[in-house]
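Structure, as structure tokens:
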Amino acid sequence: MKLLLENWRKFINEEYEPITTLRIFDFDETIAHTRSEIRVKAPNGSEATLGSQKEFEDYMKDAAAKEGIEAFDAVLELQELGYQIDFSDFSIVKEPEEITIVTDILKSFSEDSKTYIMTARRGNSIGPIIDYLEDIGIDSTQVRVMATQGKSKGDVIATMIKQKIMDDGKSNIHRIEYYEDSQKNIDDVFDKVCNNELLREIKPEDFELVVIKVIKNDSGYKLDSFGC
Ligand SMILES: [Mg+2]
């Protein structure tokens with residue numbers, strides 16, 4: 001009986017939760033600033049230490065162009081060509097500084113939304129990210145941490161919209177709030193969600209993507225939002 005009630009409670013809480021909003025937060029430089037570096041050794045012996053997402057993206061873009069690679073994330077193909085890329089700082093949360101302008105929003109959960117942290121890090125970072133959330137006073141059971149491991153976040157979010165289709169043929173998701181610092185990821189998500197022919201049919205009439213860009217400036221951080 002107890003089990004039955006528990007299952008029933010789970011059922012009404014999870015299955016019949018009227019989820020209409022997805023809140024999706026990037027981790028690095030969105031929720032926290034960390035002192036992570038990526039160290040790269042190219043097949044020609046040259047070495048580079050990349051201290052920011054921007055430096056990393058620029059290096060990858062140049063290397064991919066040089067090697068004639070067109071993938072969204074060139075990491076795997078560069079590794080196959082002999083590039084040694086050391087991501088070990090990203091398997092931990094190294095010397096984090098909380099970005100409170102974002103975490104204040106993260107902490108205010110609402111009944112009709114689900115909250116995700118979507119990081120381009122590898123899967124081995126999920127545990128340390130969950131520990132960090134607990135450290136800054138976030139109930140990690142209310143958050144699902146996903147590691148996209150270099151896959152396009154736009155593709156992952158488009159799949160999330162398609163996940164549950166209601167009786168009217170439309171997705172249950174009416175609103176997505178996406179918090180991110182990387183312009184590359186923002187452009188990708190905007191393109192795959194706003195300009196996606198395949199989603200047109202299933203997006204509810206009032207569907208809204210709100211991109212909230214996290215921008216670092218001299219006095220700290222500010223948020224800039226736009227959407228479709
Ligand atoms: Mg980031």
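Every chain in the structure tokens takes a letter, A first, then B, and so on in the order presented; its residues are numbered from 1, and the ligands are numbered from 1 following the presented order.
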Could you give me, as CSV, every chain A residue with an atom at most 9 Å from ligand 1, plus its closest atom pair and distance in Å to one decimal, counting only C-alpha atoms and all ligand atoms, rows ordered by chain then number?
```
residue,atom,partner,partner_atom_place_in_ligand_line,distance
A:Asp26,CA,ligand 1,1 (Mg),5.5
A:Phe27,CA,ligand 1,1 (Mg),5.7
A:Asp28,CA,ligand 1,1 (Mg),4.0
A:Glu29,CA,ligand 1,1 (Mg),4.7
A:Thr30,CA,ligand 1,1 (Mg),5.5
A:Ile31,CA,ligand 1,1 (Mg),8.3
A:Ala32,CA,ligand 1,1 (Mg),8.8
A:His33,CA,ligand 1,1 (Mg),8.8
A:Gln53,CA,ligand 1,1 (Mg),6.9
A:Thr119,CA,ligand 1,1 (Mg),7.5
A:Ala120,CA,ligand 1,1 (Mg),8.0
A:Glu180,CA,ligand 1,1 (Mg),5.9
A:Asp181,CA,ligand 1,1 (Mg),5.0
A:Ser182,CA,ligand 1,1 (Mg),5.5
A:Asn185,CA,ligand 1,1 (Mg),8.6
A:Val214,CA,ligand 1,1 (Mg),8.8
```
For those residues, write N, CA and C atoms to a file as a CSV table (one decimal), in the first residue's frame.
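Final file, selection_23.csv:
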```
chain,number,residue,atom,x,y,z
A,26,ASP,N,23.7,27.3,-18.8
A,26,ASP,CA,25.1,26.9,-19.0
A,26,ASP,C,25.8,26.9,-17.6
A,27,PHE,N,26.9,26.3,-17.5
A,27,PHE,CA,27.6,26.3,-16.2
A,27,PHE,C,28.8,27.3,-16.2
A,28,ASP,N,29.8,27.0,-17.0
A,28,ASP,CA,31.0,27.9,-16.9
A,28,ASP,C,30.8,29.3,-17.4
A,29,GLU,N,31.1,30.2,-16.6
A,29,GLU,CA,31.0,31.7,-16.9
A,29,GLU,C,29.5,32.1,-17.0
A,30,THR,N,28.6,31.2,-16.6
A,30,THR,CA,27.2,31.6,-16.5
A,30,THR,C,26.8,31.4,-15.0
A,31,ILE,N,27.0,30.2,-14.4
A,31,ILE,CA,26.7,30.0,-13.0
A,31,ILE,C,27.9,30.4,-12.2
A,32,ALA,N,29.1,30.0,-12.7
A,32,ALA,CA,30.3,30.3,-11.9
A,32,ALA,C,31.5,30.6,-12.8
A,33,HIS,N,32.3,31.4,-12.4
A,33,HIS,CA,33.6,31.7,-13.0
A,33,HIS,C,34.6,30.7,-12.4
A,53,GLN,N,36.9,30.5,-22.4
A,53,GLN,CA,36.1,29.9,-23.4
A,53,GLN,C,36.4,30.5,-24.8
A,119,THR,N,25.9,21.7,-19.8
A,119,THR,CA,27.3,22.1,-19.9
A,119,THR,C,27.9,21.4,-21.1
A,120,ALA,N,28.8,22.1,-21.8
A,120,ALA,CA,29.5,21.4,-22.9
A,120,ALA,C,30.7,20.5,-22.4
A,180,GLU,N,23.3,31.8,-20.9
A,180,GLU,CA,24.5,31.4,-21.6
A,180,GLU,C,25.5,32.6,-21.8
A,181,ASP,N,26.8,32.3,-21.7
A,181,ASP,CA,27.7,33.4,-22.0
A,181,ASP,C,28.3,33.3,-23.4
A,182,SER,N,28.4,32.1,-24.0
A,182,SER,CA,29.1,31.9,-25.3
A,182,SER,C,28.2,32.3,-26.5
A,185,ASN,N,27.4,29.4,-28.8
A,185,ASN,CA,26.2,28.5,-28.4
A,185,ASN,C,24.9,29.3,-28.6
A,214,VAL,N,25.0,36.2,-20.6
A,214,VAL,CA,25.7,36.7,-19.4
A,214,VAL,C,27.0,37.4,-19.9
```
If you count only C-alpha atoms, which residues fall within 9 Å of segment 193-206 of chain A, apart from same-chain ones fewer than 4 positions away, as a PyMOL selection string?
-> chain A and resi 154-155+157-158+161-162+165+169-175+188-189+227-228
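Minimum atom-to-atom distances from A:Lys114, A:Arg121, A:Arg144, A:Lys153 to Thr20 of chain A were compared using only C-alpha atoms, and the lowest value belongs to A:Lys114.
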As a short mmCIF file (atom, residue, chain, number, x, y, z; two decimals) with N, CA and C atoms, in the first residue's frame, please: every residue in segment 47-156 of chain A that a backbone DSSP assignment puts in strand (DSSP E).
```cif
data_model
loop_
_atom_site.label_atom_id
_atom_site.label_comp_id
_atom_site.auth_asym_id
_atom_site.auth_seq_id
_atom_site.Cartn_x
_atom_site.Cartn_y
_atom_site.Cartn_z
N GLU A 47 52.66 24.39 -28.36
CA GLU A 47 51.80 24.25 -27.19
C GLU A 47 51.06 25.54 -26.90
N ALA A 48 49.86 25.40 -26.35
CA ALA A 48 49.09 26.60 -26.00
C ALA A 48 48.33 26.34 -24.71
N THR A 49 48.21 27.38 -23.89
CA THR A 49 47.39 27.31 -22.68
C THR A 49 46.25 28.29 -22.86
N LEU A 50 45.03 27.77 -22.81
CA LEU A 50 43.86 28.60 -23.13
C LEU A 50 43.06 28.83 -21.85
N GLN A 84 46.84 16.90 -28.69
CA GLN A 84 46.61 16.47 -27.30
C GLN A 84 45.93 17.62 -26.58
N ILE A 85 44.69 17.36 -26.13
CA ILE A 85 43.90 18.43 -25.52
C ILE A 85 43.57 18.01 -24.08
N ASP A 86 44.09 18.77 -23.15
CA ASP A 86 43.95 18.40 -21.74
C ASP A 86 42.82 19.20 -21.09
N GLU A 97 33.94 31.02 -8.52
CA GLU A 97 33.34 32.25 -7.99
C GLU A 97 31.92 32.30 -8.53
N GLU A 98 30.96 32.29 -7.61
CA GLU A 98 29.54 32.26 -7.99
C GLU A 98 29.14 33.54 -8.72
N SER A 113 7.87 24.91 -14.19
CA SER A 113 9.11 24.85 -14.98
C SER A 113 10.01 23.71 -14.54
N LYS A 114 10.86 23.31 -15.46
CA LYS A 114 11.92 22.36 -15.14
C LYS A 114 13.24 23.06 -15.38
N THR A 115 14.20 22.78 -14.52
CA THR A 115 15.48 23.49 -14.57
C THR A 115 16.61 22.53 -14.93
N TYR A 116 17.35 22.92 -15.94
CA TYR A 116 18.48 22.10 -16.39
C TYR A 116 19.76 22.91 -16.34
N ILE A 117 20.86 22.23 -16.04
CA ILE A 117 22.16 22.82 -16.29
C ILE A 117 22.75 22.04 -17.45
N MET A 118 23.05 22.75 -18.53
CA MET A 118 23.52 22.09 -19.74
C MET A 118 24.95 22.59 -20.01
N THR A 119 25.90 21.72 -19.76
CA THR A 119 27.29 22.12 -19.94
C THR A 119 27.90 21.38 -21.12
N VAL A 143 17.29 20.18 -9.90
CA VAL A 143 18.03 20.54 -11.10
C VAL A 143 18.53 19.27 -11.78
N ARG A 144 18.42 19.23 -13.09
CA ARG A 144 19.02 18.11 -13.80
C ARG A 144 20.26 18.62 -14.54
N VAL A 145 21.40 17.99 -14.27
CA VAL A 145 22.64 18.41 -14.91
C VAL A 145 22.91 17.51 -16.12
N MET A 146 23.10 18.14 -17.27
CA MET A 146 23.37 17.39 -18.50
C MET A 146 24.71 17.84 -19.08
N ALA A 147 25.51 16.89 -19.51
CA ALA A 147 26.78 17.22 -20.17
C ALA A 147 26.63 16.89 -21.65
#
```
Any idea what the distance is between atom CA of Asp104 of chain A and atom CA of Glu177 of chain A?
-> 14.5 Å
Work out how far atom CA of Val156 of chain A is from atom CA of Phe109 of chain A, in Å to one decimal.
-> 22.0 Å
Point out the residue among A:Thr34, A:Ile24, A:Glu70, A:Gln142 with the least atom-to-atom distance to Glu111 of chain A, counting only C-alpha atoms.
->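 Smallest separation from Glu111 of chain A among the options: A:Gln142.
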Based on DSSP run over this structure's backbone, return all residues of segment 16-73 of chain A in alpha helix (DSSP H), as a PyMOL selection string.
-> chain A and resi 53-67
For the selection you just gave me, I'd like the residues written to a file as a compact mmCIF listing (two decimals), in the first residue's frame, keeping C-alpha atoms.
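Written file, again.txt:
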```txt
# COMPACT_ATOMS: atom_id res chain seq x y z
CA GLN A 53 36.11 29.86 -23.43
CA LYS A 54 36.76 32.56 -26.02
CA GLU A 55 40.46 31.65 -26.29
CA PHE A 56 39.52 27.98 -26.57
CA GLU A 57 36.89 28.59 -29.26
CA ASP A 58 39.28 30.80 -31.24
CA TYR A 59 42.05 28.20 -31.05
CA MET A 60 39.67 25.41 -32.11
CA LYS A 61 38.30 27.48 -34.96
CA ASP A 62 41.78 28.25 -36.29
CA ALA A 63 42.99 24.67 -35.89
CA ALA A 64 39.82 23.28 -37.53
CA ALA A 65 40.22 25.67 -40.46
CA LYS A 66 43.87 24.73 -40.80
CA GLU A 67 43.01 21.02 -40.83
```
From the set A:Thr141, A:Lys151, A:Asp89, A:Asp112, which residue has the shortest atom-to-atom contact distance to Ile176 of chain A, counting only C-alpha atoms?
-> A:Asp112
For Gly150 of chain A, which of A:Lys184, A:Thr21, A:Lys107, A:Asp191 is the closest residue, counting only C-alpha atoms?
->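 Ranked by minimum distance to Gly150 of chain A, first place goes to A:Lys184.
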State, in Å with one decimal place, the distance from atom CA of Thr103 of chain A to atom CA of Val211 of chain A.
-> 15.8 Å
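The list of residues with at least one atom within 8 Å of Ala42 of chain A, based on only C-alpha atoms and without residues fewer than 2 positions apart in the same chain, reads Val40, Asn44, Gly45, Ser46, Glu47, Gly82, Tyr83 and Gln84 of chain A.
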Please produce a file of those selected residues containing N, CA and C atoms, as a PDB file, in the first residue's frame.
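So out07.pdb came out as:
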```
ATOM      1  N   VAL A  40      46.830  22.586 -24.771  1.00  0.00           N
ATOM      2  CA  VAL A  40      46.819  21.889 -26.061  1.00  0.00           C
ATOM      3  C   VAL A  40      48.240  21.726 -26.571  1.00  0.00           C
ATOM      4  N   ASN A  44      52.530  19.376 -34.445  1.00  0.00           N
ATOM      5  CA  ASN A  44      53.827  19.967 -34.803  1.00  0.00           C
ATOM      6  C   ASN A  44      54.637  20.371 -33.573  1.00  0.00           C
ATOM      7  N   GLY A  45      54.125  20.033 -32.392  1.00  0.00           N
ATOM      8  CA  GLY A  45      54.877  20.288 -31.162  1.00  0.00           C
ATOM      9  C   GLY A  45      54.556  21.610 -30.485  1.00  0.00           C
ATOM     10  N   SER A  46      53.816  22.485 -31.164  1.00  0.00           N
ATOM     11  CA  SER A  46      53.512  23.777 -30.539  1.00  0.00           C
ATOM     12  C   SER A  46      52.504  23.585 -29.404  1.00  0.00           C
ATOM     13  N   GLU A  47      52.663  24.385 -28.361  1.00  0.00           N
ATOM     14  CA  GLU A  47      51.799  24.247 -27.190  1.00  0.00           C
ATOM     15  C   GLU A  47      51.061  25.541 -26.901  1.00  0.00           C
ATOM     16  N   GLY A  82      45.979  13.896 -33.778  1.00  0.00           N
ATOM     17  CA  GLY A  82      47.157  13.925 -32.919  1.00  0.00           C
ATOM     18  C   GLY A  82      47.266  15.136 -32.009  1.00  0.00           C
ATOM     19  N   TYR A  83      46.249  15.991 -31.988  1.00  0.00           N
ATOM     20  CA  TYR A  83      46.249  17.100 -31.028  1.00  0.00           C
ATOM     21  C   TYR A  83      46.005  16.522 -29.625  1.00  0.00           C
ATOM     22  N   GLN A  84      46.841  16.905 -28.687  1.00  0.00           N
ATOM     23  CA  GLN A  84      46.614  16.474 -27.298  1.00  0.00           C
ATOM     24  C   GLN A  84      45.928  17.625 -26.577  1.00  0.00           C
TER      25      GLN A  84
END
```
Please identify all polymer residues within 12 Å of Asp131 of chain A, counting only C-alpha atoms, omitting same-chain residues fewer than 3 positions from it, and present them as an MDAnalysis selection string.
-> chainID A and resid 92:93 96 125:128 134:141 143 145
Export C-alpha atoms of the chosen residues as a PDB file, in the first residue's frame?
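Dumped everything to selection_0.pdb:
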```
ATOM      1  CA  ILE A  92      36.448  19.457 -11.407  1.00  0.00           C
ATOM      2  CA  VAL A  93      35.049  22.846 -10.409  1.00  0.00           C
ATOM      3  CA  PRO A  96      34.785  28.783  -8.415  1.00  0.00           C
ATOM      4  CA  SER A 125      31.988  16.842 -14.488  1.00  0.00           C
ATOM      5  CA  ILE A 126      28.381  16.136 -13.486  1.00  0.00           C
ATOM      6  CA  GLY A 127      29.215  14.970  -9.927  1.00  0.00           C
ATOM      7  CA  PRO A 128      31.471  17.963  -9.129  1.00  0.00           C
ATOM      8  CA  GLU A 134      24.850  22.119  -2.962  1.00  0.00           C
ATOM      9  CA  ASP A 135      27.785  24.256  -1.741  1.00  0.00           C
ATOM     10  CA  ILE A 136      26.064  27.452  -2.876  1.00  0.00           C
ATOM     11  CA  GLY A 137      22.758  26.452  -1.324  1.00  0.00           C
ATOM     12  CA  ILE A 138      20.867  25.048  -4.287  1.00  0.00           C
ATOM     13  CA  ASP A 139      18.711  21.965  -3.813  1.00  0.00           C
ATOM     14  CA  SER A 140      20.295  19.811  -6.502  1.00  0.00           C
ATOM     15  CA  THR A 141      17.299  17.470  -6.615  1.00  0.00           C
ATOM     16  CA  VAL A 143      18.030  20.537 -11.099  1.00  0.00           C
ATOM     17  CA  VAL A 145      22.640  18.411 -14.909  1.00  0.00           C
TER      18      VAL A 145
END
```
